[in-house]
Amino acid sequence: MAFNQLTAAEAERLALLAEELAEAIALIGKVMRHGYESFNPDDEAAGNNAQQLAGELGDVHYAVQLLVVAGDLDEDEIIAARRAAAIKKPEYLHHQTKAILSVLSESAT
């Protein structure tokens, strides 16, 4: 066992999550610079930035589910944190519509 008390499998799962989060962050930067519909002209087959971001977020979701299934994280705690965010975060969001925020608030219950 390593100095951090993680098994090799636990460390691998966390490394996967970190990698997928980093890739999602990179795509978010591309969207913010170039927009959702923009695409790399050298790799049109990869899809536009929205499609690529959706793919990366799917990879993040997989990595999170891997942590849950392995018992590293408790899915109920993740859901509770999402519900708490739906209550807390809207006061800091200044450009979202009430309709969008109400959908998130309703899904938190």
# chains A, B, ... in the order shown; residues from 1 in each chain; ligands from 1

$ select_by_dssp --residues "region 1-58 of chain A" --states "alpha helix (DSSP H)" --output "ChimeraX atom specification"
/A:8-34,49-58

$ residues_around --residues "region 44-51 of chain A" --least-positions-apart "3" --cutoff "12 Å" --atoms "only C-alpha atoms" --output "PyMOL selection string"
chain A and resi 24+26-41+54-58

$ residues_around --residues "region 92-107 of chain A" --least-positions-apart "6" --cutoff "12 Å" --atoms "only C-alpha atoms" --output "PyMOL selection string"
chain A and resi 79-80+82-86

$ residues_around --residues "Leu14 (chain A)" --least-positions-apart "6" --cutoff "12 Å" --atoms "only C-alpha atoms" --output "list in words"
Leu6, Thr7, Ala8, Glu20, Leu21, Val60, Tyr62, Ala63, Val64, Gln65, Leu66, Leu67, Val68, Ala70, Asp72 and Leu73 of chain A

$ decode --residues "region 44-59 of chain A" --atoms "C-alpha atoms" --output "PDB file, in the first residue's frame"
ATOM      1  CA  GLU A  44     -14.035  17.401 -38.500  1.00  0.00           C
ATOM      2  CA  ALA A  45     -14.883  13.757 -37.752  1.00  0.00           C
ATOM      3  CA  ALA A  46     -14.443  14.494 -34.033  1.00  0.00           C
ATOM      4  CA  GLY A  47     -17.569  16.645 -34.166  1.00  0.00           C
ATOM      5  CA  ASN A  48     -18.130  20.167 -32.980  1.00  0.00           C
ATOM      6  CA  ASN A  49     -17.131  21.455 -29.560  1.00  0.00           C
ATOM      7  CA  ALA A  50     -20.570  20.699 -28.061  1.00  0.00           C
ATOM      8  CA  GLN A  51     -20.370  17.085 -29.216  1.00  0.00           C
ATOM      9  CA  GLN A  52     -16.826  16.714 -27.946  1.00  0.00           C
ATOM     10  CA  LEU A  53     -17.744  18.258 -24.575  1.00  0.00           C
ATOM     11  CA  ALA A  54     -20.693  15.893 -24.255  1.00  0.00           C
ATOM     12  CA  GLY A  55     -18.337  13.000 -24.921  1.00  0.00           C
ATOM     13  CA  GLU A  56     -15.852  14.176 -22.304  1.00  0.00           C
ATOM     14  CA  LEU A  57     -18.609  14.671 -19.731  1.00  0.00           C
ATOM     15  CA  GLY A  58     -19.777  11.141 -20.483  1.00  0.00           C
ATOM     16  CA  ASP A  59     -16.252   9.965 -19.723  1.00  0.00           C
TER      17      ASP A  59
END
